[in-house]
Every structure is written in structure tokens, then in C-alpha cells.
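To start, the structure under review is shown below, and the notes come after it.
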Amino acid sequence: MSLNTHISWPAAPLTASLVHQALKSLPTSDILSKGLQGSTPLLQWSTYDDIDHELTHFHRKTVLSSSYIFRKALIRKHYLTRTIETYVKKHPGSVLTDASPRTFEVEISFADELDDMWTDELWELGRELESGTSWWILKPGMADRGMGIRLFHSKEDLQKIFQSFEEGESDEEEDELPEGGTGVVTSQLRHFVLQEYIMNPLLLDPSETLNRGTRLEDLIGRKFHLRVYCISSGDIQVYMYNRILALFSPAPYIDLSLGRSQDVDSLELDLTPHLTNTSLQTHFGDDNVRLFNDLEGCHILSGDSTMKIQQSDIDSLMTQIREVLADTFKAALQSPVHFQALPNAFELFGVDFLISHVPSSRTRPFQINLLEINSEPAIELTGPKLTWILEDLFESIAEVCVKPFFAQAESRETMETWEIGEVRHNFLKCMDEKVRGPS
């Protein structure tokens, strides 16, 4: 069967290249320009803004698109917070109960609006801050790549942060922010989440993967998060790519519990040891990126442990990730206004997790924590040394999501025999739900 394709990634040339390479095994015809997608069957593997979503909606059997039309419940931080909170209330036994940090949501344009919030929607957070026992992280609900992230541990700190955003806005002509900075324009973003900062992250030294003979006393604990590539397909199957990335901070971790006194100014706090976003450390290249599986045998540098990460630990964490992804998408399906699974769509997400370390726990010393879900993830920041993973990822997407849609019935039946927890094409199946009737 000849297949028409519409490929458009104007701001992501690496993604465009990976899509073209992945489609080489398919009988594709000419690449169509936007506005000329009248021929079917049609594959639209493009950035969200360049997809003709009307074609996706009205041609369920002949048009396949690389994005769902509605998916705010997953990719907007404040929507994701509501989605998880609502689901956990209905399903208190869900893994999301322990896998989602405590989070508050605010809608604010100016710093002085906080005064009324402390007696209303932020009353509980205010009590936490007054106790002085925790730190919190501020994230703009609709920003990405680390923009606007701040740490705070008092009401006064949060006030100063929003005031600094306002001052930065007035200092910049035409609201242009300095390149490489993390400032935001508060009056334009409005939606923020305030998430409890995880004080006990698992710490490792990524240099140990290059030199296994390094002495323990020469290792330095660094914070990292996991980037998991996840594919949702149709209505709906969810798969997790089993080649997970570990993205490390470029600086040694600093325990915030050692500096909780009121004279600590969060605006002067160096965020480098605490933020692991690769967008904030592009000048380091891929020096701080590792494969999760390559961390086996690394010394655990958090707590007083002298143990090493075992393959059984990695396997256990991957099981947790699979369960969290499944419940997260189930939660999103409960909000059909903000997430609608379509039989003729698929989408790649970059899901970020942090591992907390509880050495005293005999049953689960390592706990997965869901941080956020990103659409159109910045795969170019993976670095050239691991580009082969991206090539395999996109080829696997073509095999799992594209080929079966346009294939004969027997090929679709093969996909239907794919069991939860089974791995094919380096994708581990997390969920399989039927949420729509025959189209």
C-alpha cells in the first residue's frame, strides 16, 4: 500500500531526520506540504501546530496523526496536578498516592495577590512553611525547559520570587528574557504549581560508569532524574521505552536540610546542584547523561549506605514506572474534556521521574516520584553519544504505532496478543484500555 506522509518539524531538525529515517521501511510516497493533505491513506508525523486536526477527527480509518488533539490533562503541570488529585481521591489504593509529590496550584499575576491566598487556597501550604520543616519548588504551569523554576522555604521567599519576576519583566524590553536564564513573565503565565521538594533523592556519581575502580572516598553524590520515553497509541495502549536515560546535575548535591534557618535567602540559592534539566546545562554537552541500566554497580552515595545499585533495584524501579504510567493515563481518561484518546493517533511523551531513597525501608528503599510529562520532548539534548537510542526509539515507534494502523488484519491481530509487561521492539507495554466504541 502506498502511503502519503506529512512531516513538518521546523524547530526540531533532529526529530525531522529521525522521522524520515524511521519511515524508510514503509512504502511511503511523496512528502506533502501543509494544506495539501487531501490524499489518503495519510500519515501526519509532525509537530502539533502543523497537524491538520480536522483530518484526524473526521478520517478515523485512513489518517493517522502523531498527536492527540486534547491532552492538557497530561502535559500541563497544573492540569496534571488536578488529574492526579481527582483520581487518587476515587482510587486511594493507586500507586499515584505515593508516587506524586504533594502539590498546590495557584493562579497569580502579581506578587501582592499572595496576601489573600494564604488565608484561602494556600492556607495548608502556609502552615507547612511556618513549621520550617520542608522546602518547595515553584514551577510555571505552562513553561518548559526549566524556565521559572525556583526553590523556597518560607512565605517571604515566595513573595520575593514573584516580586523578582515582576522586576525582571519591567527590566526587559518587549518582555524579552535573557538567553540561558530561567526568568519568566508572571503576568503572561499566571498558572503555577508549588510542589514539595524531595529532600532525600538517590545520589550517585556518573563518573563511576566510566571508571569502576574509583575509590569510594573519591566519589561525589549528584542528583539525577530519569527521562522515560513513553508512547500512547490509539484508544488506548501505553508503552514505555525500556532504554531509560539518567540526567545528572553538573554539581555535587547540597543537602537543603543543613540550611533551613531564616537567614537563607532562596533568591541567592545556587540551583545547579538541585536542577537536573539538561536545557539548563547545554554547555556541558552530554557529559551528564547516562543510560539507566549503566548505573548498575554504582555506589549509593545518599544516606550512610555503602551498598551498590543492583540490577534487581533497576528492575524494581522500572516496574514502578510502568505502574505509575498506567495509572496516570487512566487518571487522564477520567477527564475527557482535557484528554481524549483517538483510534487514529499516537504520541511520544518525555516523562520525568525522580528516585527518592529511604535507607530505613526494607521493602522499598527506592521510590519513584512522577515530576512532569512533556509533549514533543527536547530529544536533541540527549547528546550525540546516545543518538543511536533515539534512532532506535523512532524506528520502534514506526513498528508499534504506524505499521499496524495501515497493515492488514493479521498484523493487527499480532499486536492484540501483546501482553501487559511484555517487551517488543524495546517497548514495554504498560496499559491496554478500550475507551471508544467502533469507529
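Convention: chains lettered A, B, ... in C-alpha cells order; per-chain residue numbering from 1; ligands numbered from 1 as shown.
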Can you pull out every residue within 10 Å of segment 12-17 of chain A, counting only C-alpha atoms, but drop anything in the same chain fewer than 5 positions away, and send it as a VMD selection string?
chain A and resid 7 22 45 to 47 376 to 380 387 390 to 391 394
Can you spit out the residues from that selection as an mmCIF file, in the first residue's frame, using C-alpha atoms?
```cif
data_model
loop_
_atom_site.group_PDB
_atom_site.id
_atom_site.type_symbol
_atom_site.label_atom_id
_atom_site.label_comp_id
_atom_site.auth_asym_id
_atom_site.auth_seq_id
_atom_site.Cartn_x
_atom_site.Cartn_y
_atom_site.Cartn_z
ATOM 1 C CA ILE A 7 6.320 15.575 8.025
ATOM 2 C CA ALA A 22 12.162 5.604 10.699
ATOM 3 C CA TRP A 45 4.018 12.790 11.784
ATOM 4 C CA SER A 46 4.556 16.435 12.617
ATOM 5 C CA THR A 47 4.718 18.992 15.360
ATOM 6 C CA GLU A 376 7.398 16.942 21.929
ATOM 7 C CA PRO A 377 10.330 16.326 24.307
ATOM 8 C CA ALA A 378 13.628 18.073 23.594
ATOM 9 C CA ILE A 379 15.369 14.949 22.314
ATOM 10 C CA GLU A 380 18.220 16.955 20.813
ATOM 11 C CA THR A 387 21.770 9.403 19.273
ATOM 12 C CA LEU A 390 16.819 7.992 19.508
ATOM 13 C CA GLU A 391 17.191 6.278 16.144
ATOM 14 C CA PHE A 394 11.719 6.303 16.362
#
```
Determine the nearest neighbour of Leu203 of chain A from the options A:Pro343, A:Gly303, A:Gly297, A:Pro10, counting only C-alpha atoms.
A:Gly303
Using only C-alpha atoms, can you tell me which of A:Lys61, A:Arg424, A:Lys72, A:Arg364 comes closest to Leu317 of chain A?
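Using only C-alpha atoms, the shortest distance to Leu317 of chain A belongs to A:Arg364.
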What lies within 9 Å of Leu64 of chain A using only C-alpha atoms, ignoring chain neighbours under 6 positions off, as a list in words?
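Listing them by chain and then by number gives Pro41, Leu42, Leu43, Gln44, Trp45, Leu55, Thr56, Pro343, Asn344, Ala345, Phe346, Val402, Phe405 and Phe406 of chain A.
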How about saving the chosen residues, N, CA, C and O atoms kept, as a tab-separated table (two decimals), in the first residue's frame?
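Written output follows (part_7.tsv):
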```
chain	number	residue	atom	x	y	z
A	41	PRO	N	-4.42	6.89	1.97
A	41	PRO	CA	-4.13	6.99	3.40
A	41	PRO	C	-3.00	8.00	3.68
A	41	PRO	O	-2.11	8.18	2.85
A	42	LEU	N	-3.08	8.62	4.84
A	42	LEU	CA	-2.17	9.71	5.17
A	42	LEU	C	-1.61	9.53	6.58
A	42	LEU	O	-2.36	9.27	7.53
A	43	LEU	N	-0.31	9.69	6.70
A	43	LEU	CA	0.36	9.75	8.00
A	43	LEU	C	0.84	11.17	8.24
A	43	LEU	O	1.63	11.72	7.47
A	44	GLN	N	0.34	11.80	9.31
A	44	GLN	CA	0.82	13.12	9.73
A	44	GLN	C	1.74	12.92	10.94
A	44	GLN	O	1.26	12.75	12.05
A	45	TRP	N	3.04	12.93	10.69
A	45	TRP	CA	4.02	12.79	11.78
A	45	TRP	C	4.74	14.13	11.89
A	45	TRP	O	5.80	14.34	11.33
A	55	LEU	N	-8.58	16.70	9.85
A	55	LEU	CA	-8.41	15.44	9.14
A	55	LEU	C	-8.35	14.28	10.13
A	55	LEU	O	-8.93	13.22	9.91
A	56	THR	N	-7.64	14.49	11.24
A	56	THR	CA	-7.56	13.45	12.27
A	56	THR	C	-8.94	13.10	12.80
A	56	THR	O	-9.29	11.94	12.98
A	343	PRO	N	-8.58	6.65	18.08
A	343	PRO	CA	-8.08	5.40	17.49
A	343	PRO	C	-7.03	5.63	16.42
A	343	PRO	O	-6.27	4.71	16.09
A	344	ASN	N	-6.98	6.84	15.86
A	344	ASN	CA	-6.05	7.12	14.77
A	344	ASN	C	-5.01	8.17	15.15
A	344	ASN	O	-4.67	9.06	14.37
A	345	ALA	N	-4.52	8.06	16.36
A	345	ALA	CA	-3.46	8.97	16.82
A	345	ALA	C	-2.50	8.22	17.72
A	345	ALA	O	-2.84	7.20	18.32
A	346	PHE	N	-1.28	8.72	17.78
A	346	PHE	CA	-0.28	8.24	18.73
A	346	PHE	C	0.53	9.46	19.16
A	346	PHE	O	0.48	10.50	18.52
A	402	VAL	N	2.76	2.94	13.70
A	402	VAL	CA	2.44	3.30	12.32
A	402	VAL	C	2.08	2.08	11.50
A	402	VAL	O	1.00	2.01	10.89
A	405	PHE	N	-1.41	0.32	12.01
A	405	PHE	CA	-2.58	1.10	11.61
A	405	PHE	C	-2.89	0.90	10.13
A	405	PHE	O	-4.06	0.80	9.73
A	406	PHE	N	-1.85	0.87	9.31
A	406	PHE	CA	-2.04	0.74	7.87
A	406	PHE	C	-1.89	-0.70	7.38
A	406	PHE	O	-1.95	-0.96	6.18
```
Near segment 247-259 of chain A, counting only C-alpha atoms, which residues have an atom at most 8 Å away, once you skip same-chain residues fewer than 4 positions from it, shown as an mmCIF file with C-alpha atoms, in the first residue's frame?
```
data_model
loop_
_atom_site.group_PDB
_atom_site.id
_atom_site.type_symbol
_atom_site.label_atom_id
_atom_site.label_comp_id
_atom_site.auth_asym_id
_atom_site.auth_seq_id
_atom_site.Cartn_x
_atom_site.Cartn_y
_atom_site.Cartn_z
ATOM 1 C CA TRP A 135 11.353 23.104 51.034
ATOM 2 C CA MET A 199 14.700 16.077 50.276
ATOM 3 C CA LEU A 203 22.589 10.172 44.822
ATOM 4 C CA PRO A 206 28.004 9.277 36.995
ATOM 5 C CA ILE A 220 30.733 12.702 44.865
ATOM 6 C CA GLY A 221 26.981 12.289 45.163
ATOM 7 C CA ARG A 222 24.956 14.034 42.479
ATOM 8 C CA LYS A 223 21.249 14.309 41.975
ATOM 9 C CA PHE A 224 19.625 12.972 38.809
ATOM 10 C CA HIS A 225 16.233 12.306 37.304
ATOM 11 C CA LEU A 226 15.055 9.682 34.865
ATOM 12 C CA ARG A 227 13.791 10.598 31.410
ATOM 13 C CA VAL A 264 18.913 31.644 53.979
ATOM 14 C CA THR A 272 22.708 23.984 39.998
ATOM 15 C CA PRO A 273 23.008 21.078 42.491
ATOM 16 C CA HIS A 274 19.225 20.725 42.591
ATOM 17 C CA LEU A 275 18.097 21.087 38.967
ATOM 18 C CA THR A 276 18.826 18.255 36.562
ATOM 19 C CA ASN A 277 17.150 19.690 33.471
ATOM 20 C CA THR A 278 19.505 19.303 30.503
ATOM 21 C CA GLN A 281 23.306 22.794 31.114
ATOM 22 C CA PHE A 284 28.147 20.540 29.303
ATOM 23 C CA ASN A 288 25.846 14.304 32.465
ATOM 24 C CA VAL A 289 23.631 11.861 30.559
ATOM 25 C CA ARG A 290 23.791 8.117 31.206
#
```
Please provide as a count of residues only all residues within 10 Å of Phe366 of chain A, with the sequence filter that same-chain residues fewer than 6 positions apart are discarded (counting only C-alpha atoms).
13
